[in-house]
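Below is one structure, written out as structure tokens; comments come after it.
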Amino acid sequence: MRAKVAAGLLIVLAVPAGLGVGLGALWAAAAASGNRYVALAVAAPAPAGVVWWLCRLTLRRVARSRVRRWVPIAVAGVELAVVAVPLAGLLFGGPPYRPIVDGPGTRYWDLPTGSRIAYARTPAQGERRDTPVILVHGGPGAPDAEPSPLAPALATAGFEVYAYHQVGAGLSSRLSDVRGYTIARHVADLDAVRAAIGADRVVLAGESWGGQLIAAYLAAHPDRVARAVVASPGTMWSPPSRTTGK
């Protein structure tokens, strides 16, 4: 009886062991081939094979029984199914990659900070308001591939709307040294964008990382913001972090 209990426990423990082997095989095959299909073909049999072998080895220690033949196969099949479903979703279930491309409305600013910034302008309709709106995207480094639905809505309300790609993202320029991507640099670029628009004060709207950047800009230039709207902002750092980016 004790031998059967011990064998059952070992069979249960064989499942995470097979999962670990399968993930290791997936990582190694992906690193070696650079192809997700090859990696999946190599990794898929690994967990099932390991589980089958461990179960078969375990059952050898138990008295002969008719279940000895099919238990390893059944456990290995369950292991493979459990791993295959989330893995297939991870590798093949995401939306297709859509690169950001220049559109007919894409323009560029060459800012005094050294950044070449891509942007799109949505002109105001009807009675024009004094303060333009700057849309600050999230990420960092994740501008929308499609125009924001906020732009036409705000333009209808009389706002000039500017949506720009932050340095290092989208169609804007990249820095030669990644250490240059600091909060201070993004704040300086945003202020240079405000100056390029020719506005003394602006309305800022952003979400996630964009909310963090807006908060940092408000801390540095509170007199240059007429209104600020943030949605689901990320962590607001301490004052030293906001100014140095460290």
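Identifiers in this document derive from the order of the structure tokens: chains are assigned A, B, ..., residues are numbered from 1 separately in each chain, and ligands are numbered from 1 in order of occurrence.
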
- Query: Using only C-alpha atoms, which residues sit within 12 Å of Leu175 in chain A once same-chain residues fewer than 6 positions away are excluded, as a ChimeraX atom specification?
  - Reply: /A:113-117,166-169,181-182,185

Could you name the residues that touch Val229 in chain A at 12 Å or less, counting only C-alpha atoms, but leaving out those on the same chain fewer than 2 positions away, as a compact mmCIF listing (two decimals) with all heavy atoms, in the first residue's frame?
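Printed below is part-v3.txt as written:
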```txt
# COMPACT_ATOMS: atom_id res chain seq x y z
N VAL A 133 -4.11 71.02 -27.45
CA VAL A 133 -4.00 69.78 -26.68
C VAL A 133 -2.85 68.95 -27.23
O VAL A 133 -2.72 68.78 -28.45
CB VAL A 133 -5.31 68.95 -26.76
CG1 VAL A 133 -5.13 67.61 -26.03
CG2 VAL A 133 -6.46 69.73 -26.16
N ILE A 134 -2.01 68.44 -26.34
CA ILE A 134 -0.94 67.52 -26.72
C ILE A 134 -1.27 66.17 -26.11
O ILE A 134 -1.45 66.04 -24.90
CB ILE A 134 0.44 68.00 -26.21
CG1 ILE A 134 0.77 69.37 -26.79
CG2 ILE A 134 1.52 66.98 -26.59
CD1 ILE A 134 2.09 69.94 -26.28
N LEU A 135 -1.37 65.15 -26.96
CA LEU A 135 -1.62 63.78 -26.51
C LEU A 135 -0.28 63.11 -26.22
O LEU A 135 0.60 63.07 -27.09
CB LEU A 135 -2.39 62.99 -27.56
CG LEU A 135 -3.75 63.58 -27.98
CD1 LEU A 135 -4.41 62.68 -29.02
CD2 LEU A 135 -4.66 63.77 -26.79
N VAL A 136 -0.12 62.58 -25.01
CA VAL A 136 1.14 61.98 -24.56
C VAL A 136 0.92 60.47 -24.44
O VAL A 136 0.18 60.01 -23.57
CB VAL A 136 1.58 62.57 -23.21
CG1 VAL A 136 2.95 62.05 -22.82
CG2 VAL A 136 1.60 64.10 -23.28
N VAL A 202 -0.53 74.77 -22.55
CA VAL A 202 -1.15 73.69 -23.31
C VAL A 202 -2.01 72.84 -22.37
O VAL A 202 -1.88 72.91 -21.15
CB VAL A 202 -0.10 72.78 -23.99
CG1 VAL A 202 0.64 73.54 -25.08
CG2 VAL A 202 0.86 72.22 -22.95
N VAL A 203 -2.86 72.04 -22.98
CA VAL A 203 -3.60 71.00 -22.27
C VAL A 203 -2.90 69.68 -22.58
O VAL A 203 -2.65 69.36 -23.74
CB VAL A 203 -5.08 70.94 -22.73
CG1 VAL A 203 -5.79 69.78 -22.04
CG2 VAL A 203 -5.78 72.25 -22.42
N LEU A 204 -2.58 68.92 -21.54
CA LEU A 204 -1.90 67.63 -21.71
C LEU A 204 -2.87 66.50 -21.36
O LEU A 204 -3.59 66.57 -20.37
CB LEU A 204 -0.68 67.55 -20.80
CG LEU A 204 0.42 68.59 -21.04
CD1 LEU A 204 1.54 68.43 -20.02
CD2 LEU A 204 0.98 68.48 -22.46
N ALA A 205 -2.88 65.47 -22.19
CA ALA A 205 -3.73 64.30 -21.95
C ALA A 205 -2.93 63.04 -22.22
O ALA A 205 -2.28 62.92 -23.27
CB ALA A 205 -4.98 64.34 -22.83
N GLY A 206 -2.94 62.10 -21.27
CA GLY A 206 -2.19 60.86 -21.46
C GLY A 206 -2.63 59.79 -20.49
O GLY A 206 -3.35 60.05 -19.53
N GLU A 207 -2.19 58.58 -20.75
CA GLU A 207 -2.50 57.45 -19.89
C GLU A 207 -1.24 56.63 -19.64
O GLU A 207 -0.27 56.73 -20.37
CB GLU A 207 -3.57 56.55 -20.51
CG GLU A 207 -3.15 55.92 -21.83
CD GLU A 207 -4.24 55.04 -22.41
OE1 GLU A 207 -5.21 54.75 -21.68
OE2 GLU A 207 -4.11 54.62 -23.57
N SER A 208 -1.26 55.83 -18.56
CA SER A 208 -0.17 54.95 -18.20
C SER A 208 1.13 55.75 -18.08
O SER A 208 1.20 56.73 -17.34
CB SER A 208 -0.06 53.82 -19.24
OG SER A 208 0.87 52.86 -18.84
N GLY A 210 2.27 57.81 -20.09
CA GLY A 210 1.98 59.20 -20.47
C GLY A 210 1.55 60.03 -19.28
O GLY A 210 1.89 61.21 -19.16
N GLY A 211 0.81 59.42 -18.35
CA GLY A 211 0.42 60.12 -17.13
C GLY A 211 1.61 60.43 -16.25
O GLY A 211 1.69 61.50 -15.62
N GLN A 212 2.57 59.51 -16.19
CA GLN A 212 3.80 59.76 -15.44
C GLN A 212 4.59 60.93 -16.02
O GLN A 212 5.10 61.78 -15.29
CB GLN A 212 4.67 58.50 -15.44
CG GLN A 212 4.08 57.33 -14.67
CD GLN A 212 4.91 56.08 -14.86
OE1 GLN A 212 4.70 55.32 -15.79
NE2 GLN A 212 5.86 55.86 -13.96
N LEU A 213 4.69 60.94 -17.34
CA LEU A 213 5.43 62.02 -18.00
C LEU A 213 4.73 63.36 -17.79
O LEU A 213 5.38 64.39 -17.54
CB LEU A 213 5.58 61.71 -19.49
CG LEU A 213 6.28 62.77 -20.34
CD1 LEU A 213 7.62 63.18 -19.75
CD2 LEU A 213 6.46 62.26 -21.77
N ILE A 214 3.42 63.36 -17.85
CA ILE A 214 2.67 64.60 -17.62
C ILE A 214 2.90 65.10 -16.20
O ILE A 214 3.09 66.30 -15.97
CB ILE A 214 1.17 64.38 -17.88
CG1 ILE A 214 0.92 64.22 -19.40
CG2 ILE A 214 0.34 65.54 -17.34
CD1 ILE A 214 -0.50 63.81 -19.74
N ALA A 215 2.91 64.19 -15.22
CA ALA A 215 3.16 64.59 -13.83
C ALA A 215 4.56 65.19 -13.69
O ALA A 215 4.75 66.19 -12.98
CB ALA A 215 3.00 63.39 -12.91
N LEU A 218 4.49 68.64 -15.20
CA LEU A 218 3.81 69.57 -14.30
C LEU A 218 4.72 70.00 -13.16
O LEU A 218 4.70 71.18 -12.75
CB LEU A 218 2.56 68.91 -13.72
CG LEU A 218 1.29 68.97 -14.57
CD1 LEU A 218 0.25 68.01 -14.02
CD2 LEU A 218 0.75 70.38 -14.61
N VAL A 225 1.05 74.68 -18.17
CA VAL A 225 -0.04 73.71 -18.36
C VAL A 225 -1.35 74.33 -17.92
O VAL A 225 -1.51 74.72 -16.76
CB VAL A 225 0.23 72.42 -17.57
CG1 VAL A 225 -0.91 71.43 -17.80
CG2 VAL A 225 1.57 71.81 -17.96
N ALA A 226 -2.29 74.44 -18.87
CA ALA A 226 -3.61 74.97 -18.53
C ALA A 226 -4.48 73.91 -17.86
O ALA A 226 -5.17 74.18 -16.88
CB ALA A 226 -4.30 75.48 -19.80
N ARG A 227 -4.43 72.70 -18.39
CA ARG A 227 -5.17 71.57 -17.84
C ARG A 227 -4.35 70.30 -18.09
O ARG A 227 -3.59 70.23 -19.05
CB ARG A 227 -6.55 71.40 -18.50
CG ARG A 227 -7.52 72.54 -18.27
CD ARG A 227 -8.11 72.51 -16.87
NE ARG A 227 -9.19 73.49 -16.73
CZ ARG A 227 -9.02 74.76 -16.44
NH1 ARG A 227 -7.78 75.24 -16.31
NH2 ARG A 227 -10.05 75.58 -16.30
N ALA A 231 -5.13 59.15 -17.32
CA ALA A 231 -5.95 57.96 -17.09
C ALA A 231 -5.02 56.79 -16.77
O ALA A 231 -4.03 56.55 -17.49
CB ALA A 231 -6.79 57.64 -18.32
N SER A 232 -5.32 56.08 -15.70
CA SER A 232 -4.52 54.93 -15.27
C SER A 232 -3.02 55.24 -15.28
O SER A 232 -2.24 54.53 -15.92
CB SER A 232 -4.80 53.72 -16.18
OG SER A 232 -6.16 53.39 -16.18
N PRO A 233 -2.60 56.31 -14.60
CA PRO A 233 -1.17 56.64 -14.63
C PRO A 233 -0.34 55.59 -13.92
O PRO A 233 -0.81 54.90 -13.01
CB PRO A 233 -1.12 57.98 -13.88
CG PRO A 233 -2.29 57.93 -12.97
CD PRO A 233 -3.37 57.19 -13.71
```

Need the shell around Tyr119 in chain A: protein/DNA/RNA residues with any atom at most 6 Å away, counting only C-alpha atoms. Skip same-chain ones fewer than 5 positions apart. Format as a JSON list (two decimals) with N, CA and C atoms, in the first residue's frame?
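Full text of selection-v5.json as output:
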```
[["chain", "number", "residue", "atom", "x", "y", "z"],
["A", 106, "THR", "N", 1.59, 62.81, -41.46],
["A", 106, "THR", "CA", 2.76, 62.78, -40.57],
["A", 106, "THR", "C", 3.69, 63.94, -40.86],
["A", 107, "ARG", "N", 4.07, 64.65, -39.83],
["A", 107, "ARG", "CA", 5.02, 65.75, -39.96],
["A", 107, "ARG", "C", 6.14, 65.56, -38.93],
["A", 108, "TYR", "N", 7.15, 66.41, -39.01],
["A", 108, "TYR", "CA", 8.30, 66.25, -38.11],
["A", 108, "TYR", "C", 8.74, 67.59, -37.55],
["A", 163, "ALA", "N", -0.62, 64.94, -31.66],
["A", 163, "ALA", "CA", -0.21, 63.63, -31.14],
["A", 163, "ALA", "C", 1.20, 63.36, -31.64],
["A", 164, "TYR", "N", 2.14, 63.21, -30.72],
["A", 164, "TYR", "CA", 3.53, 63.04, -31.13],
["A", 164, "TYR", "C", 4.10, 61.72, -30.64]]
```

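For the choices A:Ala48, A:Ala216, A:Leu111, A:Ala118, the atom-to-atom distance to Ala196 in chain A is smallest for A:Leu111 when using only C-alpha atoms.
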
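Atom pair CA of Ala124 in chain A / CA of Arg194 in chain A: separated by 16.8 Å.
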
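Between Pro112 in chain A and the candidates A:Ile183, A:Val193, A:Ala220, A:Val42, the tightest atom-to-atom separation, counting only C-alpha atoms, involves A:Val193.
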
- Quick one: everything within 8 Å of Ala199 in chain A, counting only C-alpha atoms, minus sequence neighbours fewer than 4 positions away in the same chain. Send it as number ranges by chain. A: 131-132, 194-195

- Query: If you count only C-alpha atoms, which residues fall within 8 Å of Val21 in chain A, apart from same-chain ones fewer than 4 positions away, as a PyMOL selection string?
  - Reply: chain A and resi 17+25+46-47+50

Any chance you could export the current selection's N, CA, C and O atoms as a PDB file, in the first residue's frame?
```pdb
ATOM      1  N   ALA A  17       7.862  18.400 -13.192  1.00  0.00           N
ATOM      2  CA  ALA A  17       9.193  18.104 -13.735  1.00  0.00           C
ATOM      3  C   ALA A  17       9.174  18.146 -15.260  1.00  0.00           C
ATOM      4  O   ALA A  17      10.066  18.716 -15.901  1.00  0.00           O
ATOM      5  N   ALA A  25      13.461  23.269 -22.835  1.00  0.00           N
ATOM      6  CA  ALA A  25      13.672  22.901 -24.229  1.00  0.00           C
ATOM      7  C   ALA A  25      13.165  23.986 -25.169  1.00  0.00           C
ATOM      8  O   ALA A  25      13.778  24.280 -26.208  1.00  0.00           O
ATOM      9  N   ALA A  46       9.075  17.105 -25.453  1.00  0.00           N
ATOM     10  CA  ALA A  46       9.948  16.992 -24.279  1.00  0.00           C
ATOM     11  C   ALA A  46       9.181  16.743 -22.984  1.00  0.00           C
ATOM     12  O   ALA A  46       9.497  15.797 -22.251  1.00  0.00           O
ATOM     13  N   PRO A  47       8.147  17.538 -22.643  1.00  0.00           N
ATOM     14  CA  PRO A  47       7.448  17.276 -21.380  1.00  0.00           C
ATOM     15  C   PRO A  47       6.721  15.943 -21.372  1.00  0.00           C
ATOM     16  O   PRO A  47       6.732  15.229 -20.371  1.00  0.00           O
ATOM     17  N   VAL A  50       9.320  13.137 -20.900  1.00  0.00           N
ATOM     18  CA  VAL A  50       9.854  13.078 -19.538  1.00  0.00           C
ATOM     19  C   VAL A  50       8.817  12.508 -18.575  1.00  0.00           C
ATOM     20  O   VAL A  50       9.126  11.664 -17.721  1.00  0.00           O
TER      21      VAL A  50
END
```

- In Å to one decimal, how far is CA of Ser173 in chain A from CA of Val101 in chain A? 13.7 Å

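Counting only C-alpha atoms, the residue from A:Arg201, A:Arg224, A:His165, A:Arg174 that sits nearest to Pro143 in chain A is A:His165.
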
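Distances to His186 in chain A were evaluated for A:Trp209, A:Tyr162, A:Trp27, A:Tyr37 using only C-alpha atoms, and the minimum falls at A:Trp209.
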
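Excluding Thr156 in chain A itself and any same-chain residue fewer than 5 positions from it, the protein and nucleic acid residues within 10 Å of it, counting only C-alpha atoms, are A:Thr122, A:Pro123, A:Ala124, A:Gln125, A:Gly126, A:Glu127, A:Arg128, A:Leu150, A:Ala151.
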
Output N, CA, C and O atoms of each residue in that selection to a file, as a short mmCIF file (atom, residue, chain, number, x, y, z; two decimals), in the first residue's frame.
```cif
data_model
loop_
_atom_site.label_atom_id
_atom_site.label_comp_id
_atom_site.auth_asym_id
_atom_site.auth_seq_id
_atom_site.Cartn_x
_atom_site.Cartn_y
_atom_site.Cartn_z
N THR A 122 -4.32 67.60 -35.73
CA THR A 122 -5.74 67.60 -36.08
C THR A 122 -6.26 69.01 -35.84
O THR A 122 -6.34 69.46 -34.69
N PRO A 123 -6.59 69.76 -36.89
CA PRO A 123 -6.99 71.16 -36.71
C PRO A 123 -8.34 71.29 -36.02
O PRO A 123 -9.21 70.42 -36.12
N ALA A 124 -8.49 72.39 -35.31
CA ALA A 124 -9.75 72.67 -34.61
C ALA A 124 -10.86 72.97 -35.60
O ALA A 124 -10.63 73.48 -36.69
N GLN A 125 -12.06 72.63 -35.19
CA GLN A 125 -13.24 72.93 -36.00
C GLN A 125 -14.11 73.95 -35.26
O GLN A 125 -14.17 73.95 -34.04
N GLY A 126 -14.72 74.80 -36.01
CA GLY A 126 -15.60 75.80 -35.40
C GLY A 126 -14.78 76.86 -34.68
O GLY A 126 -13.70 77.27 -35.12
N GLU A 127 -15.28 77.31 -33.56
CA GLU A 127 -14.61 78.35 -32.79
C GLU A 127 -13.36 77.78 -32.12
O GLU A 127 -13.45 76.87 -31.30
N ARG A 128 -12.19 78.31 -32.46
CA ARG A 128 -10.92 77.77 -31.98
C ARG A 128 -10.62 78.25 -30.57
O ARG A 128 -10.75 79.41 -30.25
N LEU A 150 -9.48 60.34 -29.61
CA LEU A 150 -9.61 61.60 -28.89
C LEU A 150 -9.40 62.80 -29.79
O LEU A 150 -9.99 63.86 -29.58
N ALA A 151 -8.51 62.64 -30.78
CA ALA A 151 -8.14 63.78 -31.62
C ALA A 151 -9.34 64.39 -32.33
O ALA A 151 -9.59 65.60 -32.21
#
```

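Remark: for Asp223 in chain A, the closest of the candidate residues A:Gly24, A:Ala41, A:Asp191, A:Gly198 is A:Asp191 (distances computed over only C-alpha atoms).
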